[in-house]
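Engineer: The following block contains the structure, expressed as structure tokens.
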Amino acid sequence: MTSDRFGRNINYLRISLTDKCNLRCVYCMPEDMTFRPKSELLQDDEIIRLVRIFAELGFHKFRLTGGEPTIRANVVDIVDQIVRTAGVQTVAMTTNGLLLNKLAAPLAKAGLKRVNISIDTLNPEKFNKLTRWGKVEDVWAGIEASRQAGLEIKLNAVVVRNYNHLEDVVDLARLTLSQPWQVRFIEMMPFGDVADFQQAGIVSQKELMATISAELGPLSVTNGGQLDGEAKLYQLEGALGTVGFISSVTQPFCASCTRARLTADGRLRLCLLREQEVDLMTPLRDGASDEELKAIIEDGIWWKPWGHRLDDEIIPLNRVMSEIGG
Ligand code: SAM
Ligand code: SF4
């Protein structure tokens, strides 16, 4: 078991399989984003070795993300190997869903349990504008393929003022009336070069709840008021699914945080909204033993920060979201 100095047990690792993406969402990265050369990214065997080491340290929950994890070559094989690692209990993925039409079935067969699929609006033109070129029909095809493959589905929407903060939010919440899905609204977070845009466009949970309730009726707290991961859950009257809010900026959930992140270039990122990272790539490639790597990880986790410093205008500038693995 790996704990930090605040007594939090850290057992959930989110792994960025690549910093690259087949979209350029306006809230995530600039259109002319430059990506790292492949040689700077963790190779398949390096990822699998690190997963084994993290699992031996008590990590049991793993999520693959990016960038877009489905564009990584061998993604099915990587899932298969992670699932078969001793100590690993669940493997999930966060994806834009574009390639799930083909990949959902093989990923489920390899042992993937859950997909969190990003869909910020149901409106094709607005989806295209938010993602800079995506087609919402491709995401729907991916959602349907995931359903048929038996994957558990959650939908994620980042809300950006003047892009999708009104009827789009209502349309997405309405899906929960007829589908047993969790539709989660994510408060936009500021990173790197896109921080000014992100801070100007943030829409709070309070405002979103008022917009949804005005059209669809009251949202009642569910799940006993407990967070589901990072989401606070609510339900519309008679709904099959739930509406979640992930409000990392206005209502941080640091006390219940159990996670750490492994960036595609092999850094252990201790908090999404803080720059502090531990380099695992260099010792890994310099021939460190498992025990040496474990000591570096345990020491890093011990110093995991508490709380973002956005109120003090301290914004993480060293990476954008796609490089960290959101
Ligand atoms: N490409 C995949 C996707 O879009 O789901 C996985 C990587 S993406 C970086 C992971 C999650 O972070 C997505 O749900 C995305 O919407 C969210 N995200 C990206 N930029 C964000 C930002 N600035 N603030 C909050 N969430 C953000
Ligand atoms: Fe790509 Fe996901 Fe970032 Fe959109 S949010 S640009 S899909 S990594």
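To be explicit about the labels: the chains of the structure tokens are called A, B, and onward in the order shown, and within each one the residues are counted from 1, while ligands get numbers from 1 in the order they are shown.
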Write out as a list in words all residues of segment 219-291 of chain A that DSSP puts in strand (DSSP E) for this structure's backbone.

Structural biologist: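 Taking segment 219-291 of chain A and keeping strand (DSSP E) only, one gets Leu219, Ser220, Val221, Leu227, Asp228, Ala231, Lys232, Leu233, Tyr234, Gln235, Leu236, Thr242, Val243, Gly244, Phe245, Ile246, Arg259, Ala260, Arg261, Leu262, Arg267, Leu268, Arg269, Glu277, Val278 and Asp279 of chain A.
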
Engineer: Counting only C-alpha atoms and all ligand atoms, what residues are within 9 Å of ligand 2, given as a PDB file with C-alpha atoms, in the first residue's frame?

Structural biologist:
```
ATOM      1  CA  ASP A  19       0.307  12.650 -26.174  1.00  0.00           C
ATOM      2  CA  LYS A  20      -1.082  12.552 -29.736  1.00  0.00           C
ATOM      3  CA  CYS A  21      -4.694  12.859 -30.753  1.00  0.00           C
ATOM      4  CA  ASN A  22      -6.943  12.588 -33.790  1.00  0.00           C
ATOM      5  CA  LEU A  23      -8.884  15.692 -32.590  1.00  0.00           C
ATOM      6  CA  ARG A  24      -7.856  19.131 -31.305  1.00  0.00           C
ATOM      7  CA  CYS A  25     -10.558  20.071 -28.786  1.00  0.00           C
ATOM      8  CA  VAL A  26     -10.440  23.807 -28.141  1.00  0.00           C
ATOM      9  CA  TYR A  27     -10.272  23.341 -24.343  1.00  0.00           C
ATOM     10  CA  CYS A  28      -7.494  20.772 -24.514  1.00  0.00           C
ATOM     11  CA  MET A  29      -4.781  21.801 -26.949  1.00  0.00           C
ATOM     12  CA  PRO A  30      -3.872  24.450 -29.514  1.00  0.00           C
ATOM     13  CA  THR A  65      -5.939   7.817 -21.440  1.00  0.00           C
ATOM     14  CA  GLY A  66      -3.930  10.345 -23.433  1.00  0.00           C
ATOM     15  CA  GLY A  67      -3.981  12.128 -25.878  1.00  0.00           C
ATOM     16  CA  GLU A  68      -6.169   9.597 -27.563  1.00  0.00           C
ATOM     17  CA  PRO A  69      -5.338   6.108 -26.252  1.00  0.00           C
ATOM     18  CA  THR A  94     -11.045   7.478 -21.367  1.00  0.00           C
ATOM     19  CA  THR A  95     -11.467   8.063 -25.086  1.00  0.00           C
ATOM     20  CA  ASN A  96     -13.033  10.361 -27.636  1.00  0.00           C
ATOM     21  CA  GLY A  97     -14.720   7.222 -29.005  1.00  0.00           C
ATOM     22  CA  LEU A  98     -13.918   7.853 -32.676  1.00  0.00           C
ATOM     23  CA  SER A 118     -16.127  12.277 -24.403  1.00  0.00           C
ATOM     24  CA  LEU A 130     -15.422  22.237 -30.253  1.00  0.00           C
ATOM     25  CA  THR A 131     -13.214  19.441 -31.552  1.00  0.00           C
ATOM     26  CA  ARG A 132     -12.033  21.487 -34.576  1.00  0.00           C
ATOM     27  CA  GLY A 134     -14.743  15.795 -35.302  1.00  0.00           C
ATOM     28  CA  VAL A 158     -16.443  19.532 -20.823  1.00  0.00           C
ATOM     29  CA  VAL A 320      -1.495  20.854 -21.498  1.00  0.00           C
ATOM     30  CA  MET A 321      -4.149  18.293 -20.555  1.00  0.00           C
ATOM     31  CA  SER A 322      -3.442  15.866 -23.400  1.00  0.00           C
ATOM     32  CA  GLU A 323       0.191  15.524 -22.277  1.00  0.00           C
ATOM     33  CA  GLY A 325      -3.411  12.201 -19.325  1.00  0.00           C
ATOM     34  CA  GLY A 326      -6.687  13.669 -18.082  1.00  0.00           C
TER      35      GLY A 326
END
```

Engineer: Compile the contact shell of Glu125 of chain A as a PDB file with C-alpha atoms, in the first residue's frame: residues with an atom at most 10 Å away, counting only C-alpha atoms, same-chain residues fewer than 3 positions apart removed.

Structural biologist:
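Result saved to around_28.pdb:
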```
ATOM      1  CA  THR A 121     -22.656  18.210 -27.377  1.00  0.00           C
ATOM      2  CA  LEU A 122     -25.126  16.232 -29.505  1.00  0.00           C
ATOM      3  CA  ASN A 128     -17.270  19.997 -35.056  1.00  0.00           C
ATOM      4  CA  LYS A 129     -16.396  23.458 -33.740  1.00  0.00           C
ATOM      5  CA  LEU A 130     -15.422  22.237 -30.253  1.00  0.00           C
ATOM      6  CA  TRP A 133     -12.975  18.706 -37.050  1.00  0.00           C
ATOM      7  CA  GLY A 134     -14.743  15.795 -35.302  1.00  0.00           C
ATOM      8  CA  LYS A 135     -17.996  14.186 -36.444  1.00  0.00           C
ATOM      9  CA  VAL A 136     -20.455  13.438 -33.660  1.00  0.00           C
TER      10      VAL A 136
END
```

Engineer: Could you pull the residues within 6 Å of segment 79-87 of chain A, counting only C-alpha atoms, minus those fewer than 6 positions along the same chain, as a ChimeraX atom specification?

Structural biologist: /A:55,60,110

Engineer: Kindly export the residues of the current selection with N, CA, C and O atoms, as a short mmCIF file (atom, residue, chain, number, x, y, z; two decimals), in the first residue's frame.

Structural biologist:
```
data_model
loop_
_atom_site.label_atom_id
_atom_site.label_comp_id
_atom_site.auth_asym_id
_atom_site.auth_seq_id
_atom_site.Cartn_x
_atom_site.Cartn_y
_atom_site.Cartn_z
N ALA A 55 1.55 -2.19 -9.48
CA ALA A 55 0.63 -3.19 -8.89
C ALA A 55 1.28 -3.81 -7.64
O ALA A 55 0.61 -4.04 -6.64
N HIS A 60 -4.32 -0.92 -7.82
CA HIS A 60 -5.13 -1.99 -8.41
C HIS A 60 -6.08 -1.49 -9.49
O HIS A 60 -6.67 -2.26 -10.22
N ALA A 110 -10.23 -8.27 -24.58
CA ALA A 110 -8.93 -8.25 -23.89
C ALA A 110 -9.09 -7.99 -22.39
O ALA A 110 -8.14 -8.11 -21.63
#
```

Engineer: With a distance cut-off of 9 Å and only C-alpha atoms, select the neighbouring residues of Arg261 of chain A, excluding the residue or stretch itself and same-chain residues fewer than 6 positions from it, and output the selection as a VMD selection string.

Structural biologist: chain A and resid 12 to 16 267 to 272 324 to 326

Engineer: Go through A:Leu317, A:Leu112, A:Leu151, A:Ala255 one by one, measure the shortest atom-to-atom distance of each to ligand 1 using only C-alpha atoms and all ligand atoms, and give the residue with the smallest value.

Structural biologist: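 Closest to ligand 1 of all the choices is A:Leu317.
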
Engineer: Select, from A:Gln198, A:Thr90, A:Thr282, A:Phe245, the residue with the minimum atom-to-atom distance to Asn156 of chain A, counting only C-alpha atoms.

Structural biologist: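 Of the candidates, the smallest distance to Asn156 of chain A is held by A:Phe245.
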
Engineer: How close does each residue of segment 26-92 of chain A get to segment 289-298 of chain A, giving the shortest atom pair and distance in Å to one decimal for every residue with an atom at most 8 Å away, counting only C-alpha atoms, sorted by chain and residue number, as JSON lines?

Structural biologist:
```
{"residue": "A:Ile53", "atom": "CA", "partner": "A:Lys294", "partner_atom": "CA", "distance": 6.7}
{"residue": "A:Phe54", "atom": "CA", "partner": "A:Lys294", "partner_atom": "CA", "distance": 7.7}
{"residue": "A:Leu57", "atom": "CA", "partner": "A:Lys294", "partner_atom": "CA", "distance": 7.3}
```

Engineer: With a cut-off of 12 Å, could you pull out the residues of segment 165-203 of chain A touching segment 218-224 of chain A and give me the nearest pair of atoms for each, distance in Å to one decimal, using only C-alpha atoms, ordered by chain and ascending number, as a tab-separated table?

Structural biologist:
```
residue	atom	partner	partner_atom	distance
A:Ala173	CA	A:Leu219	CA	10.2
A:Arg174	CA	A:Leu219	CA	11.6
A:Thr176	CA	A:Leu219	CA	11.6
A:Leu177	CA	A:Leu219	CA	11.8
A:Gln182	CA	A:Thr222	CA	11.8
```

Engineer: Those residues you just picked out, can you put them in a file as an mmCIF file, in the first residue's frame with C-alpha atoms?

Structural biologist:
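Saved to again-v2.cif:
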```
data_model
loop_
_atom_site.group_PDB
_atom_site.id
_atom_site.type_symbol
_atom_site.label_atom_id
_atom_site.label_comp_id
_atom_site.auth_asym_id
_atom_site.auth_seq_id
_atom_site.Cartn_x
_atom_site.Cartn_y
_atom_site.Cartn_z
ATOM 1 C CA ALA A 173 -28.707 15.461 -19.339
ATOM 2 C CA ARG A 174 -31.931 14.394 -21.080
ATOM 3 C CA THR A 176 -30.206 9.936 -18.711
ATOM 4 C CA LEU A 177 -34.010 9.802 -18.759
ATOM 5 C CA GLN A 182 -23.782 8.399 -16.170
#
```

Engineer: Just the residues within 9 Å of segment 303-307 of chain A, please, counting only C-alpha atoms, with nothing from its chain fewer than 6 positions along; format it as a list in words.

Structural biologist: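 Once the nearby chain positions are removed, what remains is Asp4, Arg5, Phe6, Pro252, Phe253, Cys254, Ala255, Ala260, Arg269, Leu270, Cys271, Leu273, Arg274 and Gln276 of chain A.
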